[in-house]
>>> print(open('coords.tsv').read())   # TSV, C-alpha atoms
chain	number	residue	atom	x	y	z
A	25	MET	CA	-88.20	89.49	20.88
A	26	GLN	CA	-85.37	88.50	23.20
A	27	ASN	CA	-82.29	89.05	21.00
A	28	ALA	CA	-79.81	91.17	22.95
A	29	VAL	CA	-76.89	88.89	23.84
A	30	ARG	CA	-76.32	88.73	27.58
A	31	GLY	CA	-73.82	86.02	28.28
A	32	ARG	CA	-73.62	83.06	25.94
A	33	ALA	CA	-75.81	82.21	22.92
A	34	VAL	CA	-77.81	79.11	23.89
A	35	LEU	CA	-79.63	76.92	21.37
A	36	MET	CA	-82.39	75.02	23.16
A	37	LEU	CA	-83.88	71.88	21.59
A	38	PRO	CA	-87.00	70.66	23.44
A	39	THR	CA	-88.85	67.38	23.03
A	40	TRP	CA	-92.09	68.97	24.28
A	41	TYR	CA	-92.93	72.64	23.85
A	42	PRO	CA	-96.14	74.72	23.87
A	43	GLY	CA	-97.62	75.43	20.47
A	44	PRO	CA	-100.91	76.32	18.79
A	45	GLY	CA	-102.03	72.69	18.86
A	46	ASP	CA	-101.23	72.14	22.53
A	47	PRO	CA	-100.56	75.31	24.58
A	48	VAL	CA	-99.65	73.41	27.77
A	49	ALA	CA	-97.33	70.72	26.36
A	50	GLY	CA	-93.88	71.23	27.85
A	51	VAL	CA	-94.78	74.57	29.40
A	52	PHE	CA	-92.18	73.82	32.09
A	53	VAL	CA	-89.51	73.82	29.35
A	54	ARG	CA	-90.54	77.31	28.29
A	55	ASP	CA	-90.41	78.41	31.94
A	56	GLN	CA	-86.87	77.06	32.10
A	57	ALA	CA	-85.90	78.82	28.86
A	58	LEU	CA	-87.29	82.10	30.22
A	59	ALA	CA	-85.27	81.72	33.42
A	60	ILE	CA	-82.08	81.00	31.45
A	61	ALA	CA	-82.78	83.96	29.14
A	62	ALA	CA	-82.33	86.35	32.06
A	63	HIS	CA	-78.55	85.87	31.68
A	64	ASN	CA	-78.19	84.44	28.16
A	65	ASP	CA	-79.35	84.90	24.58
A	66	VAL	CA	-81.70	81.92	24.10
A	67	THR	CA	-83.09	80.62	20.82
A	68	VAL	CA	-85.56	77.74	21.02
A	69	LEU	CA	-85.60	75.35	18.03
A	70	VAL	CA	-88.78	73.24	18.02
A	71	LEU	CA	-89.31	70.19	15.82
A	72	GLU	CA	-93.07	69.95	15.37
A	73	ALA	CA	-95.24	67.04	14.25
A	74	THR	CA	-97.82	69.35	12.65
A	75	THR	CA	-98.21	69.45	8.87
A	76	PRO	CA	-96.66	72.44	7.10
A	77	SER	CA	-99.06	75.01	5.69
A	78	ARG	CA	-97.44	74.61	2.30
A	79	GLY	CA	-94.70	72.53	0.70
A	80	ARG	CA	-92.84	69.58	2.14
A	81	SER	CA	-91.31	71.47	5.01
A	82	GLU	CA	-91.23	74.92	6.52
A	83	VAL	CA	-89.33	76.98	9.05
A	84	THR	CA	-90.98	79.86	10.93
A	85	VAL	CA	-89.54	82.36	13.38
A	86	ALA	CA	-91.64	84.09	16.03
A	87	ASP	CA	-91.54	85.73	19.41
A	88	ASP	CA	-92.98	83.40	22.06
A	89	HIS	CA	-93.23	85.10	25.45
A	90	GLY	CA	-90.10	87.09	24.59
A	91	LEU	CA	-88.13	84.05	23.37
A	92	ARG	CA	-86.88	83.80	19.79
A	93	THR	CA	-88.56	80.58	18.69
A	94	VAL	CA	-87.76	78.75	15.45
A	95	ARG	CA	-90.32	76.09	14.53
A	96	VAL	CA	-89.51	73.35	12.02
A	97	ARG	CA	-92.29	71.34	10.39
A	98	ALA	CA	-92.11	68.48	7.87
A	99	ALA	CA	-94.79	66.74	5.82
A	100	HIS	CA	-95.95	63.29	6.86
A	101	GLY	CA	-95.24	60.33	4.62
A	102	PRO	CA	-92.44	57.90	3.70
A	103	LEU	CA	-89.95	60.76	3.14
A	104	ARG	CA	-90.80	62.60	6.36
A	105	LYS	CA	-87.36	61.99	7.91
A	106	LEU	CA	-85.68	63.43	4.81
A	107	TRP	CA	-87.89	66.52	4.81
A	108	LEU	CA	-87.39	66.92	8.56
A	109	THR	CA	-83.60	66.69	8.20
A	110	LEU	CA	-83.58	69.30	5.43
A	111	ALA	CA	-85.90	71.55	7.43
A	112	LEU	CA	-83.73	71.11	10.54
A	113	ALA	CA	-80.69	72.23	8.57
A	114	ARG	CA	-82.60	75.34	7.46
A	115	GLY	CA	-83.75	75.94	11.04
A	116	LEU	CA	-80.16	75.77	12.30
A	117	ARG	CA	-79.07	78.34	9.74
A	118	VAL	CA	-81.88	80.63	10.90
A	119	ALA	CA	-81.05	80.08	14.56
A	120	GLY	CA	-77.39	80.91	14.06
A	121	ARG	CA	-74.27	79.38	15.58
A	122	PRO	CA	-74.60	78.93	19.36
A	123	ASP	CA	-72.03	78.94	22.12
A	124	LEU	CA	-73.82	76.02	23.79
A	125	VAL	CA	-76.51	73.49	22.84
A	126	HIS	CA	-79.11	72.52	25.45
A	127	GLY	CA	-81.37	69.54	24.70
A	128	HIS	CA	-84.41	68.53	26.71
A	129	VAL	CA	-85.05	64.80	27.22
A	130	PHE	CA	-82.75	62.10	25.87
A	131	ARG	CA	-84.50	61.63	22.50
A	132	VAL	CA	-83.78	65.16	21.35
A	133	GLY	CA	-80.74	65.16	23.61
A	134	ALA	CA	-79.15	62.65	21.22
A	135	VAL	CA	-79.64	65.18	18.39
A	136	ALA	CA	-78.19	67.91	20.62
A	137	ALA	CA	-75.12	65.75	21.34
A	138	VAL	CA	-74.48	65.20	17.62
A	139	LEU	CA	-74.97	68.89	16.83
A	140	GLY	CA	-72.63	69.90	19.64
A	141	ARG	CA	-69.92	67.60	18.33
A	142	LEU	CA	-70.33	68.93	14.78
A	143	MET	CA	-70.30	72.56	15.95
A	144	ARG	CA	-67.60	71.92	18.58
A	145	VAL	CA	-69.57	73.59	21.35
A	146	PRO	CA	-70.54	72.36	24.85
A	147	VAL	CA	-73.70	70.29	25.24
A	148	VAL	CA	-76.07	70.12	28.19
A	149	VAL	CA	-79.03	67.73	28.35
A	150	SER	CA	-81.95	68.19	30.75
A	151	GLU	CA	-83.84	65.05	31.67
A	152	HIS	CA	-87.49	65.00	32.76
A	153	HIS	CA	-88.78	61.64	31.50
A	154	SER	CA	-90.54	59.28	33.90
A	155	LEU	CA	-89.86	56.13	31.86
A	156	PHE	CA	-86.57	55.64	33.74
A	157	PRO	CA	-88.07	55.40	37.25
A	158	ARG	CA	-91.05	53.50	35.89
A	159	ARG	CA	-88.68	50.97	34.28
A	160	LEU	CA	-90.32	51.42	30.88
A	161	ALA	CA	-87.22	52.24	28.80
A	162	THR	CA	-86.89	50.11	25.66
A	163	ARG	CA	-83.62	49.09	24.02
A	164	THR	CA	-84.03	51.96	21.57
A	165	ASP	CA	-84.66	54.38	24.43
A	166	LEU	CA	-81.53	53.21	26.21
A	167	LEU	CA	-79.45	53.48	23.04
A	168	LEU	CA	-80.59	57.07	22.51
A	169	ALA	CA	-80.07	57.85	26.20
A	170	ARG	CA	-76.49	56.58	26.08
A	171	ILE	CA	-75.79	58.63	22.94
A	172	ALA	CA	-77.29	61.72	24.56
A	173	PHE	CA	-75.70	61.38	27.98
A	174	ARG	CA	-72.24	60.32	26.77
A	175	GLY	CA	-72.24	63.16	24.26
A	176	ALA	CA	-73.31	65.74	26.83
A	177	HIS	CA	-70.77	67.55	28.99
A	178	VAL	CA	-73.37	67.84	31.78
A	179	VAL	CA	-76.66	65.94	32.21
A	180	ALA	CA	-79.23	67.68	34.39
A	181	PRO	CA	-82.08	65.51	35.74
A	182	VAL	CA	-84.77	67.49	37.53
A	183	SER	CA	-84.54	65.49	40.77
A	184	GLU	CA	-82.20	63.22	42.68
A	185	SER	CA	-84.68	60.37	42.39
A	186	LEU	CA	-84.57	60.66	38.58
A	187	ARG	CA	-80.76	60.64	38.61
A	188	GLU	CA	-80.81	57.45	40.69
A	189	ALA	CA	-83.33	55.86	38.32
A	190	ILE	CA	-81.13	56.63	35.30
A	191	GLU	CA	-78.05	55.22	37.02
A	192	ALA	CA	-80.03	52.06	37.87
A	193	TYR	CA	-79.91	51.27	34.13
A	194	GLY	CA	-76.10	51.35	34.29
A	195	ILE	CA	-75.97	54.75	32.58
A	196	HIS	CA	-73.44	57.16	34.04
A	197	ALA	CA	-72.68	60.79	33.22
A	198	ARG	CA	-71.66	64.07	34.79
A	199	PHE	CA	-75.00	64.53	36.59
A	200	ARG	CA	-76.01	67.84	38.14
A	201	VAL	CA	-79.59	68.08	39.43
A	202	VAL	CA	-81.39	71.23	38.28
A	203	PRO	CA	-85.13	71.50	39.06
A	204	ASN	CA	-87.75	73.11	36.91
A	205	PRO	CA	-88.42	76.72	37.88
A	206	VAL	CA	-91.78	78.02	39.00
A	207	ASP	CA	-93.21	81.28	37.65
A	208	THR	CA	-93.62	83.20	40.91
A	209	GLU	CA	-94.94	86.27	39.11
A	210	LEU	CA	-97.95	84.24	37.97
A	211	PHE	CA	-98.20	81.84	40.92
A	212	HIS	CA	-98.24	83.75	44.21
A	213	PRO	CA	-100.44	84.04	47.31
A	214	GLY	CA	-103.36	86.44	47.30
A	215	PRO	CA	-106.50	87.39	49.20
A	216	ARG	CA	-109.00	84.56	49.64
A	217	ALA	CA	-112.75	84.78	50.07
A	218	PRO	CA	-113.87	82.60	52.99
A	219	GLY	CA	-116.09	79.69	51.96
A	220	ASP	CA	-118.50	77.39	53.74
A	221	GLU	CA	-116.55	74.29	52.66
A	222	PRO	CA	-112.85	73.67	52.04
A	223	VAL	CA	-111.88	73.37	48.37
A	224	LEU	CA	-109.81	70.34	47.35
A	225	LEU	CA	-108.07	70.99	44.04
A	226	TYR	CA	-106.51	68.62	41.51
A	227	VAL	CA	-104.52	70.01	38.57
A	228	GLY	CA	-103.06	67.74	35.91
A	229	ARG	CA	-103.67	65.52	32.95
A	230	MET	CA	-106.51	63.01	32.98
A	231	ALA	CA	-104.20	60.08	32.28
A	232	PRO	CA	-103.64	56.72	34.03
A	233	VAL	CA	-100.29	57.69	35.58
A	234	LYS	CA	-101.96	60.52	37.53
A	235	GLY	CA	-104.05	58.15	39.69
A	236	VAL	CA	-107.20	60.27	39.60
A	237	PRO	CA	-109.50	57.29	40.39
A	238	ARG	CA	-107.71	56.91	43.75
A	239	LEU	CA	-108.28	60.58	44.44
A	240	LEU	CA	-112.00	60.22	43.67
A	241	GLU	CA	-112.30	57.11	45.85
A	242	ALA	CA	-110.49	58.82	48.74
A	243	ALA	CA	-112.77	61.84	48.43
A	244	ALA	CA	-115.82	59.59	48.36
A	245	GLU	CA	-114.60	57.86	51.53
A	246	LEU	CA	-114.29	61.22	53.29
A	247	ALA	CA	-117.76	62.21	52.10
A	248	ARG	CA	-119.20	58.97	53.51
A	249	ARG	CA	-117.68	59.89	56.87
A	250	GLY	CA	-119.53	63.21	56.80
A	251	ARG	CA	-116.60	65.45	55.81
A	252	ARG	CA	-117.86	68.38	53.76
A	253	PHE	CA	-115.74	69.84	50.95
A	254	ARG	CA	-115.78	70.91	47.30
A	255	LEU	CA	-113.69	68.89	44.86
A	256	VAL	CA	-112.45	70.67	41.73
A	257	LEU	CA	-110.46	68.88	39.02
A	258	VAL	CA	-108.62	70.98	36.45
A	259	GLY	CA	-107.23	69.33	33.33
A	260	ASP	CA	-108.19	67.18	30.39
A	261	GLY	CA	-107.03	64.00	28.72
A	262	PRO	CA	-107.99	60.53	27.51
A	263	GLU	CA	-109.38	59.38	30.88
A	264	ARG	CA	-111.65	62.33	31.59
A	265	ALA	CA	-114.91	60.61	30.59
A	266	HIS	CA	-113.95	57.59	32.69
A	267	HIS	CA	-113.23	59.80	35.69
A	268	GLU	CA	-116.52	61.66	35.33
A	269	ALA	CA	-118.38	58.34	35.15
A	270	LEU	CA	-116.58	57.08	38.26
A	271	ALA	CA	-117.46	60.25	40.19
A	272	ALA	CA	-121.11	59.71	39.23
A	273	ARG	CA	-121.03	56.07	40.37
A	274	LEU	CA	-119.52	57.16	43.69
A	275	SER	CA	-122.25	59.82	44.06
A	276	LEU	CA	-119.41	62.30	44.48
A	277	PRO	CA	-120.19	65.88	43.50
A	278	ALA	CA	-117.10	67.02	41.64
A	279	GLU	CA	-116.44	69.91	39.29
A	280	PHE	CA	-114.50	68.87	36.19
A	281	ALA	CA	-113.26	72.25	35.00
A	282	GLY	CA	-111.31	71.00	31.97
A	283	SER	CA	-108.20	72.72	30.64
A	284	LEU	CA	-107.74	76.28	31.84
A	285	GLU	CA	-105.34	79.07	31.01
A	286	ARG	CA	-102.42	79.23	33.44
A	287	ALA	CA	-103.64	82.52	34.91
A	288	GLU	CA	-106.95	80.85	35.76
A	289	VAL	CA	-105.11	77.86	37.26
A	290	ALA	CA	-103.13	80.27	39.44
A	291	ALA	CA	-106.36	81.96	40.56
A	292	ARG	CA	-107.88	78.56	41.42
A	293	MET	CA	-104.80	77.68	43.48
A	294	ARG	CA	-105.03	80.93	45.45
A	295	ALA	CA	-108.69	80.25	46.19
A	296	ALA	CA	-108.29	76.57	47.17
A	297	ASP	CA	-107.55	75.06	50.57
A	298	LEU	CA	-105.57	72.00	49.52
A	299	LEU	CA	-103.94	70.53	46.40
A	300	VAL	CA	-104.35	66.77	46.20
A	301	LEU	CA	-102.25	64.52	43.95
A	302	ALA	CA	-102.41	60.74	43.65
A	303	SER	CA	-99.83	60.07	40.93
A	304	ASP	CA	-98.11	56.75	40.31
A	305	TRP	CA	-94.99	58.74	39.55
A	306	GLU	CA	-93.69	62.30	39.22
A	307	THR	CA	-90.12	63.18	38.30
A	308	LEU	CA	-90.63	66.43	40.24
A	309	SER	CA	-94.18	67.84	39.67
A	310	SER	CA	-94.38	71.40	38.40
A	311	VAL	CA	-97.98	71.56	39.62
A	312	LEU	CA	-96.81	70.89	43.16
A	313	LEU	CA	-94.31	73.76	42.96
A	314	GLU	CA	-96.89	76.10	41.44
A	315	ALA	CA	-99.31	75.30	44.24
A	316	GLN	CA	-96.71	76.06	46.91
A	317	ALA	CA	-95.74	79.29	45.12
A	318	SER	CA	-99.44	80.20	45.46
A	319	GLY	CA	-99.28	79.43	49.18
A	320	LEU	CA	-101.39	76.30	48.71
A	321	PRO	CA	-100.47	73.28	50.89
A	322	ALA	CA	-100.65	69.82	49.33
A	323	VAL	CA	-101.22	66.14	49.94
A	324	ALA	CA	-99.22	63.91	47.61
A	325	PRO	CA	-97.81	60.36	47.46
A	326	ARG	CA	-94.24	59.61	48.42
A	327	VAL	CA	-93.07	58.80	44.87
A	328	GLY	CA	-90.34	60.07	42.56
A	329	GLY	CA	-89.23	63.62	43.19
A	330	ILE	CA	-92.28	64.59	45.26
A	331	PRO	CA	-90.54	64.15	48.65
A	332	GLU	CA	-87.78	66.49	47.40
A	333	ALA	CA	-90.38	69.14	46.52
A	334	LEU	CA	-92.86	68.89	49.42
A	335	PRO	CA	-91.46	69.72	52.87
A	336	GLU	CA	-93.46	68.97	56.01
A	337	ALA	CA	-94.27	72.65	56.46
A	338	ALA	CA	-96.03	72.67	53.08
A	339	GLY	CA	-98.14	69.53	53.23
A	340	VAL	CA	-98.53	65.83	53.90
A	341	LEU	CA	-96.78	62.93	52.18
A	342	VAL	CA	-98.71	59.64	52.02
A	343	ALA	CA	-98.03	56.06	50.98
A	344	PRO	CA	-98.31	55.58	47.21
A	345	ALA	CA	-101.23	53.80	45.53
A	346	ASP	CA	-103.20	53.68	48.79
A	347	VAL	CA	-106.72	55.13	48.87
A	348	ALA	CA	-107.05	54.89	52.64
A	349	ALA	CA	-103.68	56.62	53.19
A	350	LEU	CA	-104.68	59.39	50.80
A	351	ALA	CA	-107.97	59.93	52.64
A	352	ARG	CA	-106.13	60.08	55.98
A	353	GLY	CA	-103.61	62.52	54.53
A	354	ILE	CA	-106.37	64.84	53.32
A	355	GLU	CA	-108.06	64.68	56.72
A	356	GLU	CA	-104.76	65.46	58.47
A	357	ALA	CA	-103.95	68.37	56.18
A	358	LEU	CA	-107.40	69.92	56.54
A	359	GLY	CA	-106.88	69.88	60.30
A	360	ARG	CA	-103.55	71.76	60.15
A	361	ASP	CA	-102.98	75.50	60.15
A	362	PHE	CA	-100.50	76.15	57.33
A	363	ASP	CA	-98.58	79.40	56.93
A	364	ARG	CA	-99.34	80.12	53.28
A	365	GLU	CA	-96.94	83.06	53.02
A	366	ALA	CA	-94.10	80.96	54.44
A	367	ILE	CA	-94.86	78.14	51.99
A	368	ALA	CA	-94.67	80.56	49.06
A	369	ARG	CA	-91.48	82.19	50.34
A	370	ALA	CA	-89.69	78.85	50.76
A	371	VAL	CA	-90.53	77.60	47.27
A	372	ARG	CA	-89.55	80.94	45.75
A	373	GLU	CA	-86.12	80.70	47.38
A	374	ARG	CA	-85.53	77.15	46.09
A	375	PHE	CA	-87.39	77.03	42.79
A	376	GLY	CA	-87.97	80.62	41.71
A	377	ALA	CA	-86.64	81.74	38.32
A	378	GLU	CA	-83.68	83.60	39.83
A	379	ALA	CA	-82.56	80.62	41.91
A	380	VAL	CA	-82.84	78.21	38.97
A	381	ALA	CA	-81.15	80.66	36.57
A	382	ALA	CA	-78.18	80.87	38.96
A	383	ARG	CA	-77.99	77.07	38.99
A	384	TRP	CA	-77.96	77.00	35.19
A	385	ASP	CA	-75.13	79.55	35.14
A	386	GLU	CA	-73.10	77.10	37.23
A	387	VAL	CA	-73.97	74.14	34.99
A	388	TYR	CA	-73.19	76.00	31.78
A	389	ALA	CA	-69.85	77.20	33.18
A	390	GLU	CA	-68.98	73.63	34.17
A	391	ALA	CA	-69.91	72.33	30.71
A	392	GLU	CA	-67.65	74.96	29.14
A	393	ARG	CA	-64.75	74.01	31.42
A	394	VAL	CA	-64.90	70.30	30.59
A	395	ALA	CA	-65.73	70.64	26.87
>>> encode(input="coords.tsv", output="structure tokens")
Amino acid sequence: MQNAVRGRAVLMLPTWYPGPGDPVAGVFVRDQALAIAAHNDVTVLVLEATTPSRGRSEVTVADDHGLRTVRVRAAHGPLRKLWLTLALARGLRVAGRPDLVHGHVFRVGAVAAVLGRLMRVPVVVSEHHSLFPRRLATRTDLLLARIAFRGAHVVAPVSESLREAIEAYGIHARFRVVPNPVDTELFHPGPRAPGDEPVLLYVGRMAPVKGVPRLLEAAAELARRGRRFRLVLVGDGPERAHHEALAARLSLPAEFAGSLERAEVAARMRAADLLVLASDWETLSSVLLEAQASGLPAVAPRVGGIPEALPEAAGVLVAPADVAALARGIEEALGRDFDREAIARAVRERFGAEAVAARWDEVYAEAERVA
């Protein structure tokens, strides 16, 4: 378990975090915690919606990928908030007094801001949520965001486009953009077996915001033109059955691989020829960074933080929500000769754990100066 103090003691409070019920939820937050833990003593305090194994609440401590992880659970019911508050207090005692509190996403960031004030320690809030650029924030969301961002000494959106979207609501703070890191030990280029047909790969949730129907329609258009390829879709979610039915109606042979372990996703990326995304919005897109770390070029829409993460040397940007533009982008990318090693090297220099950890050192030091 990662306990030896190197630098400051950081208490991290995530909104989403991998757990037994959902091993991929918020995996990018754990990647960030692991990067930060290279220079600091990090404890992750997770508030979980799962029912305790016994009693009204429980607090457990475990090693999660080398991170000391304190999980707090409270029973459902009319007194859930009371049990959760009592369990949170127990969890904080277990976690110990930090030098700095780091919340992820404004909802838990508001809790982090209150805790920081009570403990008289600096507060940093990371922001990943797409509801700001999608203009979906409710009055309650905005109230919590203002509490979180005004109470934080530094607010760190993952992209410039997300910062601009937050400011468009009239919310201002000491913003410092810090991207999510990519695990370059897991995602890296490797030998590839030549295939008869190029492999188009999608990785992500099967949810409306990901625009998978547009991807399927674009692929079907290419198939009608005689372009040969294999289409592989990795991921699961509420729209999977709908997507499978659409692929059948389009007479599009597609492999729906479902949810895979990250090591298998990395292997699929190394073996593929092109990552294809069709999202309505992405604050940054960890999948896009993981693909590039694997040397895999991409085609993706010009939305959110994607243009900040996909340089011309690594792929093709296309107009958003446009099936024809996506099909043309795939065709263009398949006709280019990408330098996969150069793609991986560039993303490692910008988004690798060491680069992101150095950025967090700067942000934490700034938060300490202004606290």
>>> atom_distance(input="coords.tsv", atom1="CA of Arg158 (chain A)", atom2="CA of Val182 (chain A)")
15.4 Å
>>> atom_distance(input="coords.tsv", atom1="CA of Arg273 (chain A)", atom2="CA of Val256 (chain A)")
17.0 Å
>>> atom_distance(input="coords.tsv", atom1="CA of Leu301 (chain A)", atom2="CA of Tyr193 (chain A)")
27.8 Å
>>> closest_residue(input="coords.tsv", among="A:Gly194, A:Gly219, A:Gly90, A:Gly235", to="Pro325 (chain A)", atoms="all atoms listed in the file")
A:Gly235
>>> closest_residue(input="coords.tsv", among="A:Ala322, A:Val135, A:Val51, A:Val258", to="Ala302 (chain A)", atoms="all atoms listed in the file")
A:Ala322
>>> build_atoms(input="coords.tsv", residues="region 167-196 of chain A", atoms="N, CA and C atoms", output="mmCIF file, keeping the file's coordinate frame")
data_model
loop_
_atom_site.group_PDB
_atom_site.id
_atom_site.type_symbol
_atom_site.label_atom_id
_atom_site.label_comp_id
_atom_site.auth_asym_id
_atom_site.auth_seq_id
_atom_site.Cartn_x
_atom_site.Cartn_y
_atom_site.Cartn_z
ATOM 1 N N LEU A 167 -80.485 53.127 24.018
ATOM 2 C CA LEU A 167 -79.450 53.480 23.040
ATOM 3 C C LEU A 167 -79.384 54.987 22.865
ATOM 4 N N LEU A 168 -80.554 55.616 22.688
ATOM 5 C CA LEU A 168 -80.590 57.070 22.510
ATOM 6 C C LEU A 168 -80.113 57.782 23.783
ATOM 7 N N ALA A 169 -80.501 57.247 24.945
ATOM 8 C CA ALA A 169 -80.070 57.850 26.200
ATOM 9 C C ALA A 169 -78.558 57.810 26.343
ATOM 10 N N ARG A 170 -77.946 56.686 25.984
ATOM 11 C CA ARG A 170 -76.490 56.580 26.080
ATOM 12 C C ARG A 170 -75.797 57.537 25.111
ATOM 13 N N ILE A 171 -76.360 57.667 23.900
ATOM 14 C CA ILE A 171 -75.790 58.630 22.940
ATOM 15 C C ILE A 171 -75.896 60.036 23.501
ATOM 16 N N ALA A 172 -77.068 60.371 24.036
ATOM 17 C CA ALA A 172 -77.290 61.720 24.560
ATOM 18 C C ALA A 172 -76.411 62.010 25.762
ATOM 19 N N PHE A 173 -76.385 61.100 26.726
ATOM 20 C CA PHE A 173 -75.700 61.380 27.980
ATOM 21 C C PHE A 173 -74.179 61.278 27.850
ATOM 22 N N ARG A 174 -73.695 60.379 26.986
ATOM 23 C CA ARG A 174 -72.240 60.320 26.770
ATOM 24 C C ARG A 174 -71.760 61.511 25.949
ATOM 25 N N GLY A 175 -72.626 62.019 25.076
ATOM 26 C CA GLY A 175 -72.240 63.160 24.260
ATOM 27 C C GLY A 175 -72.396 64.493 24.961
ATOM 28 N N ALA A 176 -73.096 64.499 26.097
ATOM 29 C CA ALA A 176 -73.310 65.740 26.830
ATOM 30 C C ALA A 176 -72.168 65.969 27.822
ATOM 31 N N HIS A 177 -71.804 67.220 28.012
ATOM 32 C CA HIS A 177 -70.770 67.550 28.990
ATOM 33 C C HIS A 177 -71.353 67.603 30.396
ATOM 34 N N VAL A 178 -72.645 67.925 30.505
ATOM 35 C CA VAL A 178 -73.370 67.840 31.780
ATOM 36 C C VAL A 178 -74.773 67.343 31.477
ATOM 37 N N VAL A 179 -75.272 66.428 32.309
ATOM 38 C CA VAL A 179 -76.660 65.940 32.210
ATOM 39 C C VAL A 179 -77.377 66.407 33.469
ATOM 40 N N ALA A 180 -78.534 67.039 33.281
ATOM 41 C CA ALA A 180 -79.230 67.680 34.390
ATOM 42 C C ALA A 180 -80.627 67.090 34.599
ATOM 43 N N PRO A 181 -80.742 65.995 35.365
ATOM 44 C CA PRO A 181 -82.080 65.510 35.740
ATOM 45 C C PRO A 181 -82.732 66.501 36.696
ATOM 46 N N VAL A 182 -84.070 66.492 36.726
ATOM 47 C CA VAL A 182 -84.770 67.490 37.530
ATOM 48 C C VAL A 182 -84.869 67.117 39.001
ATOM 49 N N SER A 183 -84.484 65.889 39.357
ATOM 50 C CA SER A 183 -84.540 65.490 40.770
ATOM 51 C C SER A 183 -83.492 64.423 41.029
ATOM 52 N N GLU A 184 -83.142 64.263 42.300
ATOM 53 C CA GLU A 184 -82.200 63.220 42.680
ATOM 54 C C GLU A 184 -82.773 61.841 42.404
ATOM 55 N N SER A 185 -84.064 61.689 42.613
ATOM 56 C CA SER A 185 -84.680 60.370 42.390
ATOM 57 C C SER A 185 -84.586 59.991 40.912
ATOM 58 N N LEU A 186 -84.700 60.958 40.011
ATOM 59 C CA LEU A 186 -84.570 60.660 38.580
ATOM 60 C C LEU A 186 -83.124 60.292 38.253
ATOM 61 N N ARG A 187 -82.177 61.002 38.833
ATOM 62 C CA ARG A 187 -80.760 60.640 38.610
ATOM 63 C C ARG A 187 -80.515 59.197 39.041
ATOM 64 N N GLU A 188 -81.006 58.817 40.205
ATOM 65 C CA GLU A 188 -80.810 57.450 40.690
ATOM 66 C C GLU A 188 -81.460 56.428 39.759
ATOM 67 N N ALA A 189 -82.624 56.774 39.220
ATOM 68 C CA ALA A 189 -83.330 55.860 38.320
ATOM 69 C C ALA A 189 -82.562 55.677 37.016
ATOM 70 N N ILE A 190 -81.944 56.737 36.516
ATOM 71 C CA ILE A 190 -81.130 56.630 35.300
ATOM 72 C C ILE A 190 -79.913 55.756 35.566
ATOM 73 N N GLU A 191 -79.242 55.992 36.688
ATOM 74 C CA GLU A 191 -78.050 55.220 37.020
ATOM 75 C C GLU A 191 -78.378 53.748 37.251
ATOM 76 N N ALA A 192 -79.626 53.453 37.652
ATOM 77 C CA ALA A 192 -80.030 52.060 37.870
ATOM 78 C C ALA A 192 -79.998 51.254 36.573
ATOM 79 N N TYR A 193 -80.038 51.937 35.429
ATOM 80 C CA TYR A 193 -79.910 51.270 34.130
ATOM 81 C C TYR A 193 -78.438 51.074 33.741
ATOM 82 N N GLY A 194 -77.508 51.464 34.620
ATOM 83 C CA GLY A 194 -76.100 51.350 34.290
ATOM 84 C C GLY A 194 -75.604 52.488 33.420
ATOM 85 N N ILE A 195 -76.353 53.580 33.371
ATOM 86 C CA ILE A 195 -75.970 54.750 32.580
ATOM 87 C C ILE A 195 -75.342 55.774 33.518
ATOM 88 N N HIS A 196 -74.144 56.211 33.186
ATOM 89 C CA HIS A 196 -73.440 57.160 34.040
ATOM 90 C C HIS A 196 -73.040 58.387 33.223
#
